$ cat final-v6.pdb   # PDB, C-alpha atoms, pLDDT in the B column
ATOM      1  CA  MET H   1      -0.347 -75.719   4.435  1.00 72.00           C
ATOM      2  CA  PHE H   2       0.553 -75.484   8.129  1.00 81.00           C
ATOM      3  CA  PRO H   3       1.762 -71.854   7.861  1.00 86.00           C
ATOM      4  CA  LYS H   4      -1.567 -70.882   6.262  1.00 82.00           C
ATOM      5  CA  VAL H   5      -3.503 -72.397   9.140  1.00 83.00           C
ATOM      6  CA  VAL H   6      -1.271 -70.770  11.762  1.00 88.00           C
ATOM      7  CA  SER H   7      -1.427 -67.323  10.128  1.00 89.00           C
ATOM      8  CA  MET H   8      -5.219 -67.561   9.737  1.00 86.00           C
ATOM      9  CA  THR H   9      -5.507 -68.519  13.403  1.00 89.00           C
ATOM     10  CA  GLY H  10      -3.375 -65.555  14.439  1.00 92.00           C
ATOM     11  CA  VAL H  11      -5.326 -63.050  12.345  1.00 93.00           C
ATOM     12  CA  ILE H  12      -8.684 -64.278  13.641  1.00 93.00           C
ATOM     13  CA  LEU H  13      -7.496 -64.253  17.259  1.00 94.00           C
ATOM     14  CA  ILE H  14      -6.318 -60.664  16.802  1.00 96.00           C
ATOM     15  CA  GLY H  15      -9.776 -59.797  15.448  1.00 96.00           C
ATOM     16  CA  VAL H  16     -11.427 -61.530  18.401  1.00 94.00           C
ATOM     17  CA  ALA H  17      -9.201 -59.639  20.845  1.00 95.00           C
ATOM     18  CA  LEU H  18      -9.903 -56.299  19.160  1.00 96.00           C
ATOM     19  CA  SER H  19     -13.645 -56.844  19.143  1.00 94.00           C
ATOM     20  CA  LEU H  20     -13.607 -58.031  22.743  1.00 93.00           C
ATOM     21  CA  PHE H  21     -11.429 -55.286  24.192  1.00 94.00           C
ATOM     22  CA  LEU H  22     -12.431 -52.358  21.941  1.00 94.00           C
ATOM     23  CA  VAL H  23     -16.137 -52.994  21.388  1.00 92.00           C
ATOM     24  CA  LEU H  24     -17.801 -55.536  23.651  1.00 89.00           C
ATOM     25  CA  ILE H  25     -16.289 -54.626  27.019  1.00 89.00           C
ATOM     26  CA  PRO H  26     -16.019 -50.809  26.749  1.00 91.00           C
ATOM     27  CA  LEU H  27     -19.036 -49.962  24.565  1.00 91.00           C
ATOM     28  CA  PHE H  28     -21.565 -52.576  25.655  1.00 88.00           C
ATOM     29  CA  ALA H  29     -20.251 -53.050  29.209  1.00 87.00           C
ATOM     30  CA  ILE H  30     -20.354 -56.825  28.925  1.00 86.00           C
ATOM     31  CA  PRO H  31     -18.882 -58.421  32.057  1.00 87.00           C
ATOM     32  CA  VAL H  32     -16.205 -61.013  31.466  1.00 86.00           C
ATOM     33  CA  LYS H  33     -16.497 -64.012  33.753  1.00 85.00           C
ATOM     34  CA  GLY H  34     -14.010 -66.803  33.659  1.00 83.00           C
ATOM     35  CA  SER H  35     -10.557 -67.071  32.246  1.00 87.00           C
ATOM     36  CA  LEU H  36      -9.633 -65.018  29.197  1.00 90.00           C
ATOM     37  CA  ALA H  37      -6.700 -67.364  28.631  1.00 90.00           C
ATOM     38  CA  LEU H  38      -9.112 -70.293  28.418  1.00 91.00           C
ATOM     39  CA  PHE H  39     -11.377 -68.334  26.064  1.00 90.00           C
ATOM     40  CA  PHE H  40      -8.502 -67.521  23.716  1.00 93.00           C
ATOM     41  CA  ALA H  41      -7.093 -71.054  23.933  1.00 92.00           C
ATOM     42  CA  VAL H  42     -10.429 -72.620  22.978  1.00 91.00           C
ATOM     43  CA  SER H  43     -11.016 -69.982  20.285  1.00 92.00           C
ATOM     44  CA  GLY H  44      -7.575 -70.662  18.844  1.00 93.00           C
ATOM     45  CA  LEU H  45      -8.173 -74.404  18.890  1.00 92.00           C
ATOM     46  CA  TYR H  46     -11.530 -73.951  17.146  1.00 88.00           C
ATOM     47  CA  VAL H  47     -10.108 -71.674  14.429  1.00 90.00           C
ATOM     48  CA  PHE H  48      -7.099 -73.954  13.929  1.00 90.00           C
ATOM     49  CA  THR H  49      -9.214 -77.087  13.505  1.00 88.00           C
ATOM     50  CA  THR H  50     -11.825 -75.502  11.227  1.00 86.00           C
ATOM     51  CA  ALA H  51      -9.122 -73.964   9.021  1.00 87.00           C
ATOM     52  CA  GLY H  52      -7.448 -77.364   8.841  1.00 85.00           C
ATOM     53  CA  LEU H  53     -10.743 -79.016   7.903  1.00 85.00           C
ATOM     54  CA  GLY H  54     -11.281 -76.406   5.197  1.00 85.00           C
ATOM     55  CA  LEU H  55      -7.837 -76.952   3.727  1.00 86.00           C
ATOM     56  CA  PHE H  56      -8.362 -80.716   3.859  1.00 86.00           C
ATOM     57  CA  ALA H  57     -11.658 -80.403   1.979  1.00 88.00           C
ATOM     58  CA  ALA H  58     -10.043 -78.125  -0.598  1.00 87.00           C
ATOM     59  CA  THR H  59      -7.220 -80.609  -1.071  1.00 89.00           C
ATOM     60  CA  VAL H  60      -9.504 -83.611  -1.550  1.00 90.00           C
ATOM     61  CA  ALA H  61     -12.052 -81.900  -3.820  1.00 91.00           C
ATOM     62  CA  ARG H  62     -11.535 -81.255  -7.503  1.00 92.00           C
ATOM     63  CA  ASN H  63     -13.691 -78.117  -7.819  1.00 93.00           C
ATOM     64  CA  LEU H  64     -15.527 -75.533  -5.748  1.00 91.00           C
ATOM     65  CA  ALA H  65     -18.867 -77.347  -5.884  1.00 92.00           C
ATOM     66  CA  GLN H  66     -17.309 -80.426  -4.303  1.00 92.00           C
ATOM     67  CA  VAL H  67     -15.776 -78.283  -1.561  1.00 91.00           C
ATOM     68  CA  GLY H  68     -19.236 -76.891  -0.812  1.00 89.00           C
ATOM     69  CA  MET H  69     -20.719 -80.381  -0.566  1.00 91.00           C
ATOM     70  CA  LEU H  70     -17.865 -81.573   1.648  1.00 89.00           C
ATOM     71  CA  ALA H  71     -18.292 -78.526   3.873  1.00 86.00           C
ATOM     72  CA  ILE H  72     -21.940 -79.413   4.398  1.00 88.00           C
ATOM     73  CA  LEU H  73     -21.047 -83.017   5.225  1.00 88.00           C
ATOM     74  CA  ILE H  74     -18.327 -81.975   7.660  1.00 84.00           C
ATOM     75  CA  LEU H  75     -19.869 -78.917   9.311  1.00 82.00           C
ATOM     76  CA  ALA H  76     -23.537 -79.917   9.587  1.00 84.00           C
ATOM     77  CA  PRO H  77     -22.992 -82.595  12.262  1.00 83.00           C
ATOM     78  CA  MET H  78     -20.617 -80.281  14.119  1.00 79.00           C
ATOM     79  CA  LEU H  79     -23.218 -77.506  14.110  1.00 79.00           C
ATOM     80  CA  PHE H  80     -26.161 -79.708  15.073  1.00 77.00           C
ATOM     81  CA  LEU H  81     -24.331 -81.516  17.891  1.00 73.00           C
ATOM     82  CA  SER H  82     -22.611 -78.428  19.320  1.00 71.00           C
ATOM     83  CA  GLY H  83     -25.637 -76.900  20.990  1.00 70.00           C
ATOM     84  CA  ALA H  84     -25.502 -73.775  18.821  1.00 73.00           C
ATOM     85  CA  LEU H  85     -28.978 -74.327  17.371  1.00 75.00           C
ATOM     86  CA  ASP H  86     -30.654 -75.970  20.355  1.00 73.00           C
ATOM     87  CA  PRO H  87     -29.560 -76.699  23.919  1.00 69.00           C
ATOM     88  CA  ALA H  88     -27.127 -79.584  24.096  1.00 60.00           C
ATOM     89  CA  GLY H  89     -29.125 -81.054  26.977  1.00 63.00           C
ATOM     90  CA  SER H  90     -32.066 -81.690  24.649  1.00 67.00           C
ATOM     91  CA  HIS H  91     -30.052 -84.049  22.455  1.00 60.00           C
ATOM     92  CA  ALA H  92     -30.439 -87.797  22.615  1.00 59.00           C
ATOM     93  CA  ALA H  93     -28.540 -89.555  25.401  1.00 55.00           C
ATOM     94  CA  VAL H  94     -25.872 -90.696  22.934  1.00 51.00           C
ATOM     95  CA  ALA H  95     -25.072 -87.143  21.786  1.00 50.00           C
ATOM     96  CA  ALA H  96     -25.781 -85.192  24.978  1.00 50.00           C
ATOM     97  CA  PRO H  97     -22.857 -84.116  27.162  1.00 51.00           C
ATOM     98  CA  ASP H  98     -22.523 -85.608  30.640  1.00 52.00           C
ATOM     99  CA  ASP H  99     -22.502 -82.448  32.757  1.00 51.00           C
ATOM    100  CA  ALA H 100     -21.809 -79.029  31.331  1.00 50.00           C
ATOM    101  CA  ASP H 101     -20.387 -78.545  27.880  1.00 55.00           C
ATOM    102  CA  LEU H 102     -17.425 -76.267  27.294  1.00 56.00           C
ATOM    103  CA  THR H 103     -19.552 -73.309  26.206  1.00 58.00           C
ATOM    104  CA  ALA H 104     -21.541 -73.359  29.424  1.00 60.00           C
ATOM    105  CA  ALA H 105     -18.326 -73.787  31.380  1.00 56.00           C
ATOM    106  CA  LEU H 106     -16.775 -70.732  29.729  1.00 55.00           C
ATOM    107  CA  LEU H 107     -19.860 -68.589  30.229  1.00 57.00           C
ATOM    108  CA  SER H 108     -20.362 -69.584  33.846  1.00 58.00           C
ATOM    109  CA  GLY H 109     -16.885 -68.590  34.970  1.00 58.00           C
ATOM    110  CA  TYR H 110     -15.033 -71.891  35.128  1.00 57.00           C
ATOM    111  CA  ARG H 111     -11.269 -71.809  35.285  1.00 63.00           C
ATOM    112  CA  LEU H 112      -8.837 -74.210  33.670  1.00 62.00           C
ATOM    113  CA  ARG H 113      -8.235 -76.067  36.922  1.00 67.00           C
ATOM    114  CA  HIS H 114     -12.004 -76.616  37.425  1.00 67.00           C
ATOM    115  CA  LEU H 115     -12.287 -78.123  33.963  1.00 63.00           C
ATOM    116  CA  ALA H 116      -9.233 -80.286  34.585  1.00 70.00           C
ATOM    117  CA  GLN H 117     -10.720 -81.508  37.883  1.00 72.00           C
ATOM    118  CA  ARG H 118     -14.036 -82.362  36.228  1.00 68.00           C
ATOM    119  CA  ALA H 119     -12.204 -84.276  33.510  1.00 68.00           C
ATOM    120  CA  GLY H 120     -10.174 -86.160  36.129  1.00 71.00           C
ATOM    121  CA  LEU H 121      -6.875 -84.684  34.988  1.00 68.00           C
ATOM    122  CA  ALA H 122      -6.014 -82.861  38.194  1.00 60.00           C
TER     123      ALA H 122
END
$ encode --input "final-v6.pdb" --output "structure tokens"
Amino acid sequence: MFPKVVSMTGVILIGVALSLFLVLIPLFAIPVKGSLALFFAVSGLYVFTTAGLGLFAATVARNLAQVGMLAILILAPMLFLSGALDPAGSHAAVAAPDDADLTAALLSGYRLRHLAQRAGLA
């Protein structure tokens, strides 16, 4: 199972790099703020964990319908609490992030050391 997750992560990261460097930056002239290493590290972590969750659901379920139901149960809270549908600051105090979530940090040009300082690791 682990090799499947690693190979899927590699293929998707290659696709992300191709779309970023061959389409978004040259054709649409999108400026890149922040660390590309941080972007690819977080993207890789996201792909790795979601592929692992998918394989876990497929292992536990007995048929495709059960996998679909498990996917809804697993992914719906992740989607709703991530800030993808609405700003994370509008969530209840229990679910809202303290300062800036990782997406805002990546888009605003934070570097790894800034995030480590904010987390108290540096």
$ atom_distance --input "final-v6.pdb" --atom1 "CA of Phe39 in chain H" --atom2 "CA of Phe56 in chain H"
25.6 Å
$ atom_distance --input "final-v6.pdb" --atom1 "CA of Phe2 in chain H" --atom2 "CA of Ala51 in chain H"
9.8 Å
$ axis_aligned_box --input "final-v6.pdb" --around "range 14-25 of chain H" --padding-each-side "4 Å" --output "JSON"
{"center_x": -12.1, "center_y": -56.9, "center_z": 21.2, "size_x": 19.5, "size_y": 17.2, "size_z": 19.6}
$ closest_residue --input "final-v6.pdb" --among "H:Ala71, H:Ile12, H:Met1, H:Leu85" --to "Gly52 in chain H" --atoms "all atoms listed in the file"
H:Met1
$ closest_residue --input "final-v6.pdb" --among "H:Val47, H:Val23, H:Val32, H:Ala37" --to "Val6 in chain H" --atoms "only C-alpha atoms"
H:Val47
$ resolve_selection --input "final-v6.pdb" --expression "the PyMOL selection byres ((chain H and resi 48) around 12)" --output "tab-separated table (two decimals) with C-alpha atoms, in the frame of the given file"
chain	number	residue	atom	x	y	z
H	1	MET	CA	-0.35	-75.72	4.43
H	2	PHE	CA	0.55	-75.48	8.13
H	3	PRO	CA	1.76	-71.85	7.86
H	4	LYS	CA	-1.57	-70.88	6.26
H	5	VAL	CA	-3.50	-72.40	9.14
H	6	VAL	CA	-1.27	-70.77	11.76
H	7	SER	CA	-1.43	-67.32	10.13
H	8	MET	CA	-5.22	-67.56	9.74
H	9	THR	CA	-5.51	-68.52	13.40
H	10	GLY	CA	-3.38	-65.56	14.44
H	11	VAL	CA	-5.33	-63.05	12.34
H	12	ILE	CA	-8.68	-64.28	13.64
H	13	LEU	CA	-7.50	-64.25	17.26
H	40	PHE	CA	-8.50	-67.52	23.72
H	41	ALA	CA	-7.09	-71.05	23.93
H	42	VAL	CA	-10.43	-72.62	22.98
H	43	SER	CA	-11.02	-69.98	20.28
H	44	GLY	CA	-7.58	-70.66	18.84
H	45	LEU	CA	-8.17	-74.40	18.89
H	46	TYR	CA	-11.53	-73.95	17.15
H	47	VAL	CA	-10.11	-71.67	14.43
H	49	THR	CA	-9.21	-77.09	13.50
H	50	THR	CA	-11.82	-75.50	11.23
H	51	ALA	CA	-9.12	-73.96	9.02
H	52	GLY	CA	-7.45	-77.36	8.84
H	53	LEU	CA	-10.74	-79.02	7.90
H	54	GLY	CA	-11.28	-76.41	5.20
H	55	LEU	CA	-7.84	-76.95	3.73
$ atom_distance --input "final-v6.pdb" --atom1 "CA of Phe80 in chain H" --atom2 "CA of Gln66 in chain H"
21.3 Å
$ decode --input "final-v6.pdb" --residues "range 4-27 of chain H" --atoms "N, CA and C atoms" --output "mmCIF file, in the first residue's frame"
data_model
loop_
_atom_site.group_PDB
_atom_site.id
_atom_site.type_symbol
_atom_site.label_atom_id
_atom_site.label_comp_id
_atom_site.auth_asym_id
_atom_site.auth_seq_id
_atom_site.Cartn_x
_atom_site.Cartn_y
_atom_site.Cartn_z
ATOM 1 N N LYS H 4 2.043 2.540 -3.373
ATOM 2 C CA LYS H 4 0.972 3.176 -4.146
ATOM 3 C C LYS H 4 0.794 4.627 -3.739
ATOM 4 N N VAL H 5 0.818 4.872 -2.448
ATOM 5 C CA VAL H 5 0.641 6.239 -1.948
ATOM 6 C C VAL H 5 1.811 7.112 -2.376
ATOM 7 N N VAL H 6 3.023 6.590 -2.271
ATOM 8 C CA VAL H 6 4.211 7.369 -2.641
ATOM 9 C C VAL H 6 4.220 7.663 -4.138
ATOM 10 N N SER H 7 3.893 6.664 -4.967
ATOM 11 C CA SER H 7 3.898 6.905 -6.417
ATOM 12 C C SER H 7 2.798 7.882 -6.815
ATOM 13 N N MET H 8 1.634 7.778 -6.191
ATOM 14 C CA MET H 8 0.542 8.730 -6.473
ATOM 15 C C MET H 8 0.965 10.139 -6.080
ATOM 16 N N THR H 9 1.624 10.274 -4.942
ATOM 17 C CA THR H 9 2.096 11.584 -4.504
ATOM 18 C C THR H 9 3.090 12.160 -5.499
ATOM 19 N N GLY H 10 4.012 11.342 -5.968
ATOM 20 C CA GLY H 10 4.998 11.806 -6.941
ATOM 21 C C GLY H 10 4.374 12.250 -8.249
ATOM 22 N N VAL H 11 3.433 11.473 -8.765
ATOM 23 C CA VAL H 11 2.779 11.811 -10.031
ATOM 24 C C VAL H 11 2.000 13.119 -9.902
ATOM 25 N N ILE H 12 1.279 13.283 -8.804
ATOM 26 C CA ILE H 12 0.491 14.506 -8.630
ATOM 27 C C ILE H 12 1.394 15.717 -8.438
ATOM 28 N N LEU H 13 2.489 15.561 -7.712
ATOM 29 C CA LEU H 13 3.422 16.683 -7.549
ATOM 30 C C LEU H 13 4.071 17.065 -8.872
ATOM 31 N N ILE H 14 4.341 16.095 -9.723
ATOM 32 C CA ILE H 14 4.864 16.409 -11.059
ATOM 33 C C ILE H 14 3.824 17.193 -11.855
ATOM 34 N N GLY H 15 2.551 16.786 -11.761
ATOM 35 C CA GLY H 15 1.484 17.516 -12.436
ATOM 36 C C GLY H 15 1.331 18.932 -11.909
ATOM 37 N N VAL H 16 1.460 19.094 -10.600
ATOM 38 C CA VAL H 16 1.383 20.428 -9.995
ATOM 39 C C VAL H 16 2.541 21.293 -10.494
ATOM 40 N N ALA H 17 3.739 20.719 -10.525
ATOM 41 C CA ALA H 17 4.904 21.479 -10.992
ATOM 42 C C ALA H 17 4.758 21.865 -12.457
ATOM 43 N N LEU H 18 4.285 20.944 -13.289
ATOM 44 C CA LEU H 18 4.096 21.265 -14.706
ATOM 45 C C LEU H 18 3.058 22.359 -14.897
ATOM 46 N N SER H 19 1.952 22.252 -14.188
ATOM 47 C CA SER H 19 0.922 23.290 -14.356
ATOM 48 C C SER H 19 1.389 24.637 -13.823
ATOM 49 N N LEU H 20 2.170 24.605 -12.748
ATOM 50 C CA LEU H 20 2.660 25.857 -12.173
ATOM 51 C C LEU H 20 3.684 26.525 -13.088
ATOM 52 N N PHE H 21 4.665 25.748 -13.537
ATOM 53 C CA PHE H 21 5.777 26.332 -14.279
ATOM 54 C C PHE H 21 5.537 26.445 -15.786
ATOM 55 N N LEU H 22 4.586 25.685 -16.339
ATOM 56 C CA LEU H 22 4.335 25.756 -17.777
ATOM 57 C C LEU H 22 3.050 26.495 -18.136
ATOM 58 N N VAL H 23 2.148 26.666 -17.178
ATOM 59 C CA VAL H 23 0.882 27.318 -17.495
ATOM 60 C C VAL H 23 0.667 28.566 -16.650
ATOM 61 N N LEU H 24 0.623 28.409 -15.348
ATOM 62 C CA LEU H 24 0.232 29.520 -14.481
ATOM 63 C C LEU H 24 1.211 30.691 -14.510
ATOM 64 N N ILE H 25 2.487 30.411 -14.359
ATOM 65 C CA ILE H 25 3.472 31.503 -14.304
ATOM 66 C C ILE H 25 3.710 32.107 -15.687
ATOM 67 N N PRO H 26 4.024 31.306 -16.731
ATOM 68 C CA PRO H 26 4.320 31.947 -18.019
ATOM 69 C C PRO H 26 3.092 32.478 -18.770
ATOM 70 N N LEU H 27 1.995 31.730 -18.785
ATOM 71 C CA LEU H 27 0.847 32.141 -19.598
ATOM 72 C C LEU H 27 -0.050 33.155 -18.912
#
